[in-house]
Amino acid sequence: MINEPLERLRAAARRTRELALNRAGTGLGHQDADDDVGTIGTDGALGFDPFPLLEALHHHGVRAVVIGQVAGIMHGSTELTGDLDLLWDGLPAHAPALAAAFTAVHARLADDSVPLRPESFLRPKVEFTSPGAGGDCCTPALPWGGLRVAEFLDRAITAADPGGLEVHYACREDLIRMRRAIGRPKDLRRAAELEAGQSVMEKRRQT
């Protein structure tokens, strides 16, 4: 059994790449994902590897918190994904480092009319693509159904590997809140999975 969050993510990314290895491209991006199946059915699954971007964020000192299904996988979800969603504080002072990290992995913003510059990341949400992973990079200014997601940044968990890589990801409770607020079939299903896992963990602590 794999217990470490980053090892779970590495294993899931490998399975995603293997699953999509012989699949023809569809032209579907992560915004075209089916509300039930998710981005595993899009071209984002082809060659999916979130680690180059996660490593660039760490190298540039960016505190960007992983949300979405990548965070779910780090908490033990068994469902695969083909995108990487991030939440950061949206402060202008932190935007240059964020832009530098994205530039380092040759990422581009999905809207080709928007340059990959620090000021572009100050929008509530920007869509991005990179050789390993695409997704959304969000700030607390994005409407979150009344959730105070700025507080989620402070409650984020940090996972580290022996090589020194640190990845911040939303805590289980906050991720469940996000899933419930969005409310698509895949979100409700994944929220229930996270809640079931939480119940198991609580029972183990009580024994």
# chains A, B, ... in the order shown; residues from 1 in each chain; ligands from 1
call {"tool": "select_by_dssp", "arguments": {"residues": "stretch 11-165 of chain A", "states": "strand (DSSP E)", "output": "PyMOL selection string"}}
result
chain A and resi 65-67+85-87+108-109+125-129+135-138+157-160
call {"tool": "write_last_selection", "arguments": {"atoms": "N, CA, C and O atoms", "output": "PDB file, in the first residue's frame"}}
result
ATOM      1  N   VAL A  65      -1.341  26.237  -3.722  1.00  0.00           N
ATOM      2  CA  VAL A  65      -1.957  25.074  -3.090  1.00  0.00           C
ATOM      3  C   VAL A  65      -2.690  24.249  -4.139  1.00  0.00           C
ATOM      4  O   VAL A  65      -3.498  24.780  -4.910  1.00  0.00           O
ATOM      5  N   VAL A  66      -2.382  22.976  -4.175  1.00  0.00           N
ATOM      6  CA  VAL A  66      -3.047  22.062  -5.102  1.00  0.00           C
ATOM      7  C   VAL A  66      -4.475  21.819  -4.620  1.00  0.00           C
ATOM      8  O   VAL A  66      -4.700  21.515  -3.436  1.00  0.00           O
ATOM      9  N   ILE A  67      -5.435  21.969  -5.531  1.00  0.00           N
ATOM     10  CA  ILE A  67      -6.831  21.673  -5.235  1.00  0.00           C
ATOM     11  C   ILE A  67      -7.318  20.662  -6.279  1.00  0.00           C
ATOM     12  O   ILE A  67      -6.513  20.074  -6.997  1.00  0.00           O
ATOM     13  N   ASP A  85      -5.102  21.647 -10.815  1.00  0.00           N
ATOM     14  CA  ASP A  85      -5.703  22.925 -10.429  1.00  0.00           C
ATOM     15  C   ASP A  85      -4.984  23.483  -9.207  1.00  0.00           C
ATOM     16  O   ASP A  85      -4.659  22.740  -8.271  1.00  0.00           O
ATOM     17  N   LEU A  86      -4.775  24.792  -9.233  1.00  0.00           N
ATOM     18  CA  LEU A  86      -3.986  25.453  -8.199  1.00  0.00           C
ATOM     19  C   LEU A  86      -4.732  26.656  -7.637  1.00  0.00           C
ATOM     20  O   LEU A  86      -5.513  27.302  -8.332  1.00  0.00           O
ATOM     21  N   LEU A  87      -4.467  26.938  -6.373  1.00  0.00           N
ATOM     22  CA  LEU A  87      -4.997  28.116  -5.690  1.00  0.00           C
ATOM     23  C   LEU A  87      -3.829  28.848  -5.050  1.00  0.00           C
ATOM     24  O   LEU A  87      -3.025  28.246  -4.346  1.00  0.00           O
ATOM     25  N   ARG A 108       1.967  27.860 -21.176  1.00  0.00           N
ATOM     26  CA  ARG A 108       1.340  29.002 -21.831  1.00  0.00           C
ATOM     27  C   ARG A 108      -0.084  29.111 -21.297  1.00  0.00           C
ATOM     28  O   ARG A 108      -0.651  28.132 -20.804  1.00  0.00           O
ATOM     29  N   LEU A 109      -0.627  30.295 -21.388  1.00  0.00           N
ATOM     30  CA  LEU A 109      -2.001  30.497 -20.962  1.00  0.00           C
ATOM     31  C   LEU A 109      -2.927  30.088 -22.097  1.00  0.00           C
ATOM     32  O   LEU A 109      -2.634  30.293 -23.279  1.00  0.00           O
ATOM     33  N   LYS A 125      -9.097  33.744 -12.298  1.00  0.00           N
ATOM     34  CA  LYS A 125      -8.724  32.410 -12.771  1.00  0.00           C
ATOM     35  C   LYS A 125      -8.076  32.536 -14.139  1.00  0.00           C
ATOM     36  O   LYS A 125      -8.556  33.266 -14.996  1.00  0.00           O
ATOM     37  N   VAL A 126      -6.977  31.814 -14.329  1.00  0.00           N
ATOM     38  CA  VAL A 126      -6.382  31.697 -15.656  1.00  0.00           C
ATOM     39  C   VAL A 126      -6.248  30.209 -15.976  1.00  0.00           C
ATOM     40  O   VAL A 126      -5.897  29.412 -15.109  1.00  0.00           O
ATOM     41  N   GLU A 127      -6.550  29.861 -17.207  1.00  0.00           N
ATOM     42  CA  GLU A 127      -6.352  28.496 -17.681  1.00  0.00           C
ATOM     43  C   GLU A 127      -4.959  28.395 -18.293  1.00  0.00           C
ATOM     44  O   GLU A 127      -4.513  29.312 -18.979  1.00  0.00           O
ATOM     45  N   PHE A 128      -4.293  27.297 -18.050  1.00  0.00           N
ATOM     46  CA  PHE A 128      -2.941  27.137 -18.560  1.00  0.00           C
ATOM     47  C   PHE A 128      -2.743  25.741 -19.137  1.00  0.00           C
ATOM     48  O   PHE A 128      -3.486  24.807 -18.818  1.00  0.00           O
ATOM     49  N   THR A 129      -1.753  25.625 -19.992  1.00  0.00           N
ATOM     50  CA  THR A 129      -1.303  24.325 -20.475  1.00  0.00           C
ATOM     51  C   THR A 129       0.212  24.291 -20.346  1.00  0.00           C
ATOM     52  O   THR A 129       0.875  25.326 -20.410  1.00  0.00           O
ATOM     53  N   GLY A 135      -4.516  23.105 -16.594  1.00  0.00           N
ATOM     54  CA  GLY A 135      -5.546  23.235 -15.572  1.00  0.00           C
ATOM     55  C   GLY A 135      -5.892  24.684 -15.329  1.00  0.00           C
ATOM     56  O   GLY A 135      -5.723  25.540 -16.201  1.00  0.00           O
ATOM     57  N   ASP A 136      -6.366  24.966 -14.126  1.00  0.00           N
ATOM     58  CA  ASP A 136      -6.751  26.316 -13.719  1.00  0.00           C
ATOM     59  C   ASP A 136      -5.839  26.784 -12.589  1.00  0.00           C
ATOM     60  O   ASP A 136      -5.532  26.018 -11.670  1.00  0.00           O
ATOM     61  N   CYS A 137      -5.443  28.053 -12.669  1.00  0.00           N
ATOM     62  CA  CYS A 137      -4.705  28.681 -11.584  1.00  0.00           C
ATOM     63  C   CYS A 137      -5.606  29.778 -11.034  1.00  0.00           C
ATOM     64  O   CYS A 137      -5.894  30.760 -11.725  1.00  0.00           O
ATOM     65  N   CYS A 138      -6.073  29.613  -9.811  1.00  0.00           N
ATOM     66  CA  CYS A 138      -7.143  30.445  -9.254  1.00  0.00           C
ATOM     67  C   CYS A 138      -6.664  31.260  -8.057  1.00  0.00           C
ATOM     68  O   CYS A 138      -5.675  30.926  -7.405  1.00  0.00           O
ATOM     69  N   ILE A 157      -2.016  21.532   3.681  1.00  0.00           N
ATOM     70  CA  ILE A 157      -1.038  20.559   4.173  1.00  0.00           C
ATOM     71  C   ILE A 157       0.182  20.611   3.261  1.00  0.00           C
ATOM     72  O   ILE A 157       0.061  20.867   2.060  1.00  0.00           O
ATOM     73  N   THR A 158       1.350  20.357   3.803  1.00  0.00           N
ATOM     74  CA  THR A 158       2.572  20.306   3.010  1.00  0.00           C
ATOM     75  C   THR A 158       3.115  18.885   3.006  1.00  0.00           C
ATOM     76  O   THR A 158       3.338  18.296   4.061  1.00  0.00           O
ATOM     77  N   ALA A 159       3.287  18.334   1.801  1.00  0.00           N
ATOM     78  CA  ALA A 159       3.909  17.028   1.640  1.00  0.00           C
ATOM     79  C   ALA A 159       5.323  17.226   1.117  1.00  0.00           C
ATOM     80  O   ALA A 159       5.558  18.099   0.279  1.00  0.00           O
ATOM     81  N   ALA A 160       6.264  16.450   1.610  1.00  0.00           N
ATOM     82  CA  ALA A 160       7.658  16.571   1.192  1.00  0.00           C
ATOM     83  C   ALA A 160       8.212  15.201   0.856  1.00  0.00           C
ATOM     84  O   ALA A 160       7.823  14.192   1.453  1.00  0.00           O
TER      85      ALA A 160
END
call {"tool": "residues_around", "arguments": {"residues": "A:Arg123", "least_positions_apart": "5", "cutoff": "9 Å", "atoms": "only C-alpha atoms", "output": "list in words"}}
result
Gly90, Cys138, Thr139, Ala141 and Leu142 of chain A
call {"tool": "residues_around", "arguments": {"residues": "stretch 40-45 of chain A", "least_positions_apart": "2", "cutoff": "8 Å", "atoms": "only C-alpha atoms", "output": "count of residues only"}}
result
22
call {"tool": "atom_distance", "arguments": {"atom1": "atom CA of A:Gly61", "atom2": "atom CA of A:Arg148"}}
result
24.1 Å
call {"tool": "residues_around", "arguments": {"residues": "A:Ser77", "least_positions_apart": "3", "cutoff": "9 Å", "atoms": "only C-alpha atoms", "output": "PyMOL selection string"}}
result
chain A and resi 69-74+80+190+193-194+197
call {"tool": "select_by_dssp", "arguments": {"residues": "chain A", "states": "helix (DSSP H, G or I)", "output": "VMD selection string"}}
result
chain A and resid 5 to 20 30 to 32 39 to 41 43 to 45 51 to 59 68 to 74 92 to 104 118 to 122 150 to 155 172 to 182 185 to 206
call {"tool": "closest_residue", "arguments": {"among": "A:Arg15, A:His59, A:Arg10, A:Arg189", "to": "A:Gly164", "atoms": "only C-alpha atoms"}}
result
A:His59
call {"tool": "residues_around", "arguments": {"residues": "A:Ala95", "least_positions_apart": "3", "cutoff": "7 Å", "atoms": "only C-alpha atoms", "output": "ChimeraX atom specification"}}
result
/A:91-92,98-99,118-119,121
call {"tool": "residues_around", "arguments": {"residues": "A:Asp89", "least_positions_apart": "6", "cutoff": "8 Å", "atoms": "only C-alpha atoms", "output": "MDAnalysis selection string"}}
result
chainID A and resid 64 139:140 150 153
call {"tool": "atom_distance", "arguments": {"atom1": "atom CA of A:Ser130", "atom2": "atom CA of A:Leu54"}}
result
11.6 Å
call {"tool": "atom_distance", "arguments": {"atom1": "atom CA of A:Leu53", "atom2": "atom CA of A:Trp88"}}
result
14.3 Å
call {"tool": "residues_around", "arguments": {"residues": "A:Leu57", "least_positions_apart": "4", "cutoff": "10 Å", "atoms": "only C-alpha atoms", "output": "number ranges by chain"}}
result
A: 51-53, 61-64, 97-102, 104-105, 165-167
